[in-house]
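Raw contents of start13.pdb, PDB, C-alpha atoms:
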MODEL        1
ATOM      1  CA  MET Q   1      27.867 -14.129  31.384
ATOM      2  CA  ALA Q   2      25.609 -15.310  34.187
ATOM      3  CA  ARG Q   3      22.533 -13.196  34.673
ATOM      4  CA  PRO Q   4      21.889 -11.813  38.160
ATOM      5  CA  SER Q   5      18.844 -13.311  39.767
ATOM      6  CA  GLY Q   6      15.651 -11.401  40.478
ATOM      7  CA  ARG Q   7      13.390  -9.199  38.437
ATOM      8  CA  GLY Q   8      12.925  -5.473  38.210
ATOM      9  CA  ASP Q   9      10.444  -3.208  36.530
ATOM     10  CA  GLY Q  10      13.178  -1.190  34.842
ATOM     11  CA  ARG Q  11      12.015   2.130  36.213
ATOM     12  CA  GLY Q  12      14.114   2.336  39.356
ATOM     13  CA  ALA Q  13      11.180   3.038  41.623
ATOM     14  CA  THR Q  14       7.817   1.709  42.653
ATOM     15  CA  ASP Q  15       5.042   3.347  44.624
ATOM     16  CA  ASN Q  16       6.676   2.403  47.933
ATOM     17  CA  VAL Q  17      10.372   2.421  47.023
ATOM     18  CA  ALA Q  18      12.652   5.440  46.726
ATOM     19  CA  PRO Q  19      14.282   6.029  43.314
ATOM     20  CA  VAL Q  20      17.615   4.306  42.793
ATOM     21  CA  ASP Q  21      20.724   6.506  42.712
ATOM     22  CA  GLU Q  22      22.025   5.283  39.349
ATOM     23  CA  VAL Q  23      25.100   7.541  39.376
ATOM     24  CA  GLY Q  24      26.014   6.157  42.798
ATOM     25  CA  LEU Q  25      25.547   2.628  41.471
ATOM     26  CA  MET Q  26      27.920   3.369  38.602
ATOM     27  CA  GLY Q  27      30.551   4.611  41.028
ATOM     28  CA  ARG Q  28      30.306   1.418  43.073
ATOM     29  CA  ILE Q  29      30.335  -0.738  39.925
ATOM     30  CA  ALA Q  30      33.529   1.039  38.860
ATOM     31  CA  ALA Q  31      34.949  -0.147  42.197
ATOM     32  CA  GLU Q  32      33.861  -3.700  41.187
ATOM     33  CA  ASP Q  33      30.928  -3.998  43.609
ATOM     34  CA  MET Q  34      29.001  -6.987  42.229
ATOM     35  CA  GLY Q  35      25.906  -6.258  44.348
ATOM     36  CA  SER Q  36      25.553  -2.831  42.734
ATOM     37  CA  PHE Q  37      25.996  -4.385  39.306
ATOM     38  CA  GLU Q  38      23.223  -6.897  39.997
ATOM     39  CA  THR Q  39      20.945  -4.043  41.073
ATOM     40  CA  LEU Q  40      21.683  -2.145  37.857
ATOM     41  CA  TYR Q  41      21.188  -5.286  35.775
ATOM     42  CA  ARG Q  42      17.738  -5.923  37.274
ATOM     43  CA  LEU Q  43      16.873  -2.252  36.833
ATOM     44  CA  TYR Q  44      17.730  -2.149  33.131
ATOM     45  CA  HIS Q  45      16.903  -5.670  31.962
ATOM     46  CA  PRO Q  46      13.227  -5.000  31.023
ATOM     47  CA  ARG Q  47      13.897  -1.767  29.135
ATOM     48  CA  LEU Q  48      16.960  -3.113  27.334
ATOM     49  CA  MET Q  49      15.096  -6.289  26.340
ATOM     50  CA  ARG Q  50      12.226  -4.217  24.946
ATOM     51  CA  PHE Q  51      14.631  -2.052  22.938
ATOM     52  CA  LEU Q  52      16.888  -4.852  21.683
ATOM     53  CA  ALA Q  53      14.048  -7.232  20.836
ATOM     54  CA  GLY Q  54      12.372  -4.445  18.899
ATOM     55  CA  MET Q  55      15.558  -3.532  17.092
ATOM     56  CA  THR Q  56      16.641  -7.076  16.180
ATOM     57  CA  ARG Q  57      13.277  -8.892  16.090
ATOM     58  CA  ARG Q  58      15.165 -11.935  17.410
ATOM     59  CA  PRO Q  59      14.522 -12.574  21.138
ATOM     60  CA  ALA Q  60      17.439 -15.000  21.552
ATOM     61  CA  LEU Q  61      19.838 -12.582  19.857
ATOM     62  CA  ALA Q  62      18.459  -9.730  21.982
ATOM     63  CA  GLU Q  63      19.309 -11.677  25.152
ATOM     64  CA  GLU Q  64      22.881 -12.214  23.920
ATOM     65  CA  ILE Q  65      23.279  -8.542  23.064
ATOM     66  CA  LEU Q  66      21.862  -7.545  26.448
ATOM     67  CA  ASP Q  67      24.442  -9.709  28.210
ATOM     68  CA  ASP Q  68      27.219  -8.304  26.014
ATOM     69  CA  THR Q  69      26.002  -4.788  26.800
ATOM     70  CA  MET Q  70      26.024  -5.351  30.537
ATOM     71  CA  LEU Q  71      29.469  -6.942  30.306
ATOM     72  CA  VAL Q  72      30.702  -3.717  28.675
ATOM     73  CA  VAL Q  73      28.967  -1.710  31.425
ATOM     74  CA  TRP Q  74      30.824  -3.787  34.042
ATOM     75  CA  ARG Q  75      34.195  -3.430  32.320
ATOM     76  CA  LYS Q  76      33.821   0.236  31.334
ATOM     77  CA  ALA Q  77      32.004   1.614  34.384
ATOM     78  CA  HIS Q  78      35.105   3.619  35.295
ATOM     79  CA  THR Q  79      34.749   5.566  32.013
ATOM     80  CA  TYR Q  80      31.237   6.828  32.823
ATOM     81  CA  TYR Q  81      30.977  10.505  33.750
ATOM     82  CA  PRO Q  82      27.770  12.034  35.126
ATOM     83  CA  ASN Q  83      27.603  14.654  32.370
ATOM     84  CA  ALA Q  84      25.217  12.198  30.632
ATOM     85  CA  LYS Q  85      22.312  10.247  32.093
ATOM     86  CA  VAL Q  86      23.181   6.680  33.051
ATOM     87  CA  SER Q  87      20.324   5.411  30.864
ATOM     88  CA  THR Q  88      21.638   7.320  27.831
ATOM     89  CA  TRP Q  89      25.136   5.889  28.358
ATOM     90  CA  ILE Q  90      23.844   2.311  28.708
ATOM     91  CA  PHE Q  91      21.453   2.521  25.744
ATOM     92  CA  ALA Q  92      24.276   3.919  23.595
ATOM     93  CA  ILE Q  93      26.323   0.810  24.412
ATOM     94  CA  ALA Q  94      23.314  -1.435  23.679
ATOM     95  CA  TYR Q  95      22.719   0.300  20.344
ATOM     96  CA  ARG Q  96      26.329  -0.176  19.217
ATOM     97  CA  GLN Q  97      26.341  -3.812  20.368
ATOM     98  CA  ALA Q  98      23.101  -4.446  18.449
ATOM     99  CA  LEU Q  99      24.471  -2.950  15.234
ATOM    100  CA  GLN Q 100      27.605  -5.108  15.520
ATOM    101  CA  ALA Q 101      25.537  -8.243  16.141
ATOM    102  CA  LEU Q 102      23.198  -7.543  13.222
ATOM    103  CA  ARG Q 103      26.161  -7.085  10.889
ATOM    104  CA  LYS Q 104      27.431 -10.539  11.876
ATOM    105  CA  VAL Q 105      24.133 -12.268  11.225
ATOM    106  CA  ASP Q 106      23.894 -13.524   7.651
ATOM    107  CA  ASP Q 107      20.107 -13.420   7.494
ATOM    108  CA  ALA Q 108      19.772  -9.944   9.040
ATOM    109  CA  VAL Q 109      16.571  -9.296   7.110
ATOM    110  CA  GLU Q 110      14.792 -12.499   8.076
ATOM    111  CA  ALA Q 111      12.520 -12.040  11.108
ATOM    112  CA  GLU Q 112      11.661 -14.737  13.571
ATOM    113  CA  ALA Q 113       8.209 -15.731  12.418
ATOM    114  CA  GLU Q 114       5.587 -15.425  15.102
ATOM    115  CA  PRO Q 115       3.202 -18.371  15.255
ATOM    116  CA  HIS Q 116      -0.121 -17.505  13.653
ATOM    117  CA  THR Q 117      -2.106 -20.175  15.461
ATOM    118  CA  GLU Q 118      -5.779 -19.588  16.053
ATOM    119  CA  SER Q 119      -6.882 -19.549  19.668
ATOM    120  CA  MET Q 120      -9.226 -22.301  20.799
ATOM    121  CA  GLN Q 121     -11.987 -19.769  21.298
ATOM    122  CA  ALA Q 122     -12.460 -16.923  18.890
ATOM    123  CA  GLY Q 123     -12.082 -13.635  20.751
ATOM    124  CA  PRO Q 124     -14.160 -10.546  20.199
ATOM    125  CA  ASP Q 125     -13.786  -8.683  16.913
ATOM    126  CA  ILE Q 126     -11.789  -5.901  18.573
ATOM    127  CA  GLU Q 127      -9.185  -8.346  19.927
ATOM    128  CA  LEU Q 128      -8.884  -9.949  16.488
ATOM    129  CA  GLN Q 129      -8.406  -6.556  14.841
ATOM    130  CA  GLN Q 130      -5.767  -5.569  17.408
ATOM    131  CA  HIS Q 131      -3.920  -8.842  16.818
ATOM    132  CA  GLU Q 132      -3.966  -8.273  13.056
ATOM    133  CA  VAL Q 133      -2.710  -4.701  13.439
ATOM    134  CA  ARG Q 134       0.120  -5.853  15.743
ATOM    135  CA  ALA Q 135       1.113  -8.592  13.279
ATOM    136  CA  ARG Q 136       1.141  -6.091  10.405
ATOM    137  CA  LEU Q 137       3.163  -3.651  12.508
ATOM    138  CA  VAL Q 138       5.804  -6.314  13.253
ATOM    139  CA  GLN Q 139       6.096  -7.110   9.533
ATOM    140  CA  ALA Q 140       6.261  -3.425   8.628
ATOM    141  CA  LEU Q 141       8.985  -2.735  11.205
ATOM    142  CA  MET Q 142      11.140  -5.422   9.602
ATOM    143  CA  ALA Q 143      11.044  -3.422   6.357
ATOM    144  CA  LEU Q 144      12.915  -0.604   8.122
ATOM    145  CA  SER Q 145      16.653  -0.355   8.638
ATOM    146  CA  ALA Q 146      18.053  -1.212  12.076
ATOM    147  CA  GLU Q 147      18.682   2.500  12.699
ATOM    148  CA  GLN Q 148      15.082   3.412  11.872
ATOM    149  CA  ARG Q 149      13.733   0.614  14.069
ATOM    150  CA  ALA Q 150      15.917   1.874  16.914
ATOM    151  CA  VAL Q 151      14.460   5.387  16.574
ATOM    152  CA  ILE Q 152      10.907   3.994  16.621
ATOM    153  CA  GLU Q 153      11.596   1.810  19.680
ATOM    154  CA  LEU Q 154      13.338   4.585  21.619
ATOM    155  CA  THR Q 155      10.618   7.126  20.822
ATOM    156  CA  TYR Q 156       7.335   5.233  20.980
ATOM    157  CA  TYR Q 157       8.094   2.441  23.436
ATOM    158  CA  LEU Q 158      10.771   3.872  25.716
ATOM    159  CA  GLY Q 159       9.815   7.554  25.655
ATOM    160  CA  TYR Q 160      13.171   9.114  24.797
ATOM    161  CA  ALA Q 161      13.334  12.616  23.302
ATOM    162  CA  CYS Q 162      15.192  13.365  20.050
ATOM    163  CA  ARG Q 163      18.171  14.903  21.854
ATOM    164  CA  GLU Q 164      18.615  11.798  24.053
ATOM    165  CA  ILE Q 165      18.244   9.491  21.050
ATOM    166  CA  ALA Q 166      20.926  11.497  19.249
ATOM    167  CA  GLN Q 167      23.267  10.864  22.201
ATOM    168  CA  ILE Q 168      22.431   7.163  22.252
ATOM    169  CA  MET Q 169      22.938   6.775  18.500
ATOM    170  CA  ASP Q 170      25.914   9.162  18.411
ATOM    171  CA  CYS Q 171      24.484  11.272  15.600
ATOM    172  CA  PRO Q 172      23.074  14.779  15.134
ATOM    173  CA  VAL Q 173      19.501  15.512  16.266
ATOM    174  CA  ASP Q 174      18.606  16.286  12.634
ATOM    175  CA  THR Q 175      19.678  12.749  11.658
ATOM    176  CA  VAL Q 176      17.324  11.320  14.294
ATOM    177  CA  LYS Q 177      14.486  13.470  12.935
ATOM    178  CA  THR Q 178      15.265  12.407   9.376
ATOM    179  CA  ARG Q 179      15.291   8.716  10.332
ATOM    180  CA  MET Q 180      11.983   9.184  12.142
ATOM    181  CA  PHE Q 181      10.473  10.971   9.133
ATOM    182  CA  TYR Q 182      11.446   8.206   6.703
ATOM    183  CA  ALA Q 183      10.473   5.445   9.141
ATOM    184  CA  ARG Q 184       7.013   6.942   9.699
ATOM    185  CA  ARG Q 185       6.494   7.528   5.971
ATOM    186  CA  ARG Q 186       7.498   3.937   5.173
ATOM    187  CA  LEU Q 187       5.277   2.529   7.921
ATOM    188  CA  LYS Q 188       2.338   4.639   6.790
ATOM    189  CA  THR Q 189       2.773   3.234   3.268
ATOM    190  CA  LEU Q 190       2.977  -0.341   4.536
ATOM    191  CA  LEU Q 191       0.215  -0.083   7.148
ATOM    192  CA  GLY Q 192      -2.088   2.326   5.356
ATOM    193  CA  THR Q 193      -2.448   4.237   8.622
ATOM    194  CA  ASN Q 194      -0.548   6.582  10.927
ATOM    195  CA  LEU Q 195       2.041   4.993  13.185
ATOM    196  CA  GLU Q 196       0.329   6.472  16.256
ATOM    197  CA  GLU Q 197      -2.881   4.624  15.343
ATOM    198  CA  ALA Q 198      -1.072   1.304  14.942
ATOM    199  CA  ILE Q 199       0.908   1.418  18.178
TER     200      ILE Q 199
ENDMDL
END
Can the structure in the file be given as structure tokens, please?
Amino acid sequence: MARPSGRGDGRGATDNVAPVDEVGLMGRIAAEDMGSFETLYRLYHPRLMRFLAGMTRRPALAEEILDDTMLVVWRKAHTYYPNAKVSTWIFAIAYRQALQALRKVDDAVEAEAEPHTESMQAGPDIELQQHEVRARLVQALMALSAEQRAVIELTYYLGYACREIAQIMDCPVDTVKTRMFYARRRLKTLLGTNLEEAI
């Protein structure tokens, strides 16, 4: 699926631009308005990439899943009803697509290794420590299940509340809280620190 051109910040508004009417966009997409679809694609690309890359830890796979997600959005736009937020509906599709893709990948546990090359000039101690913490966090996240990684990404990086995450993941709020509890406990064991301190 060809990606629409242009870039967006994923928030739907900037300091000088009015917020985008996402529900209106969905209505026009349901009527097969390609311009509205391109606008929505640019709007959601950064946030979906952040979520899917965090969930899969495979940037190339994340791009494929993002395209598959937006293809579903295009084909199923007529099924969207404004009783849920557009973002919740789209992230629910992305979550299901990611789970399907991860099941098809034979080496689902193997992360794409980040290059550990030294920079030409050694940075300050703080930068080195931050780099080490980030590298440890990436490794620790791979020890979690895909569902637990999704909860971490949606909470800490995308700012969703438990109730919204439950809608996205199609599970009870208590299940989201349980996954978060076990994910944080596992990460604390692996990192030797609180998740909030590592992020």
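Of the residues under consideration (Q:Glu147, Q:Ile29, Q:Arg50, Q:Ala84), Q:Ile29 shows the shortest atom-to-atom contact distance to Val72 of chain Q when counting all atoms listed in the file.
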Legend entry - Selected residue, from Q:Gln139, Q:Thr189, Q:Gln97, Q:Thr39, that lies nearest to Thr69 of chain Q when counting only C-alpha atoms: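 The answer is Q:Gln97, which sits nearest to Thr69 of chain Q.
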Inset, instruction - Could you check how far atom CA of Met55 of chain Q sits from atom CA of Ser36 of chain Q, in Å to one decimal? - result: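 According to the coordinates, atom CA of Met55 of chain Q and atom CA of Ser36 of chain Q are separated by 27.5 Å.
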Legend entry - Top pick for closest residue to Lys104 of chain Q, considering Q:Met142, Q:Leu61, Q:Leu187, Q:Thr88 and counting only C-alpha atoms: Q:Leu61
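With the shown file loaded, the PyMOL selection byres ((chain Q and resi 160) around 12) picks out Arg47, Phe51, Lys85, Ser87, Thr88, Phe91, Ala150, Val151, Ile152, Glu153, Leu154, Thr155, Tyr156, Tyr157, Leu158, Gly159, Ala161, Cys162, Arg163, Glu164, Ile165, Ala166, Gln167, Ile168, Met169 and Val176 of chain Q.
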Legend entry - Among listed residues Q:Ala146, Q:Ala183, Q:Glu32, Q:Leu190, nearest Gln100 of chain Q (using all atoms listed in the file):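 The closest residue to Gln100 of chain Q is Q:Ala146.
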Inset, instruction - Report the residues retrieved by the PyMOL selection byres ((chain Q and resi 26) around 12) from the displayed file, expressed as a PyMOL selection string. - result: chain Q and resi 20-25+27-41+73-82+85-87+89-90
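Checking Q:Leu99, Q:Leu144, Q:Met70, Q:Ala92 one by one against His45 of chain Q, counting all atoms listed in the file, you find the shortest gap at Q:Met70.
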So for segment 82-100 of chain Q, what box centre and size do we get, axis-aligned, 4 Å extra on each of the six sides, every listed atom, Å to one decimal, as AutoDock Vina command-line options?
--center_x 24.0 --center_y 4.8 --center_z 25.2 --size_x 15.4 --size_y 27.8 --size_z 27.9
Inset, instruction - Might you spell out which residues the PyMOL selection byres ((chain Q and resi 62) around 9) would select in the displayed file, as a VMD selection string? - result: chain Q and resid 48 to 61 63 to 67 98
Legend entry - Atomic separation - atom CA of Thr178 of chain Q relative to atom CA of Gly192 of chain Q, Å: 20.5 Å
Legend entry - Å distance separating atom CA of Cys171 of chain Q from atom CA of Ala143 of chain Q, one decimal place: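 Between atom CA of Cys171 of chain Q and atom CA of Ala143 of chain Q the gap works out to 22.0 Å.
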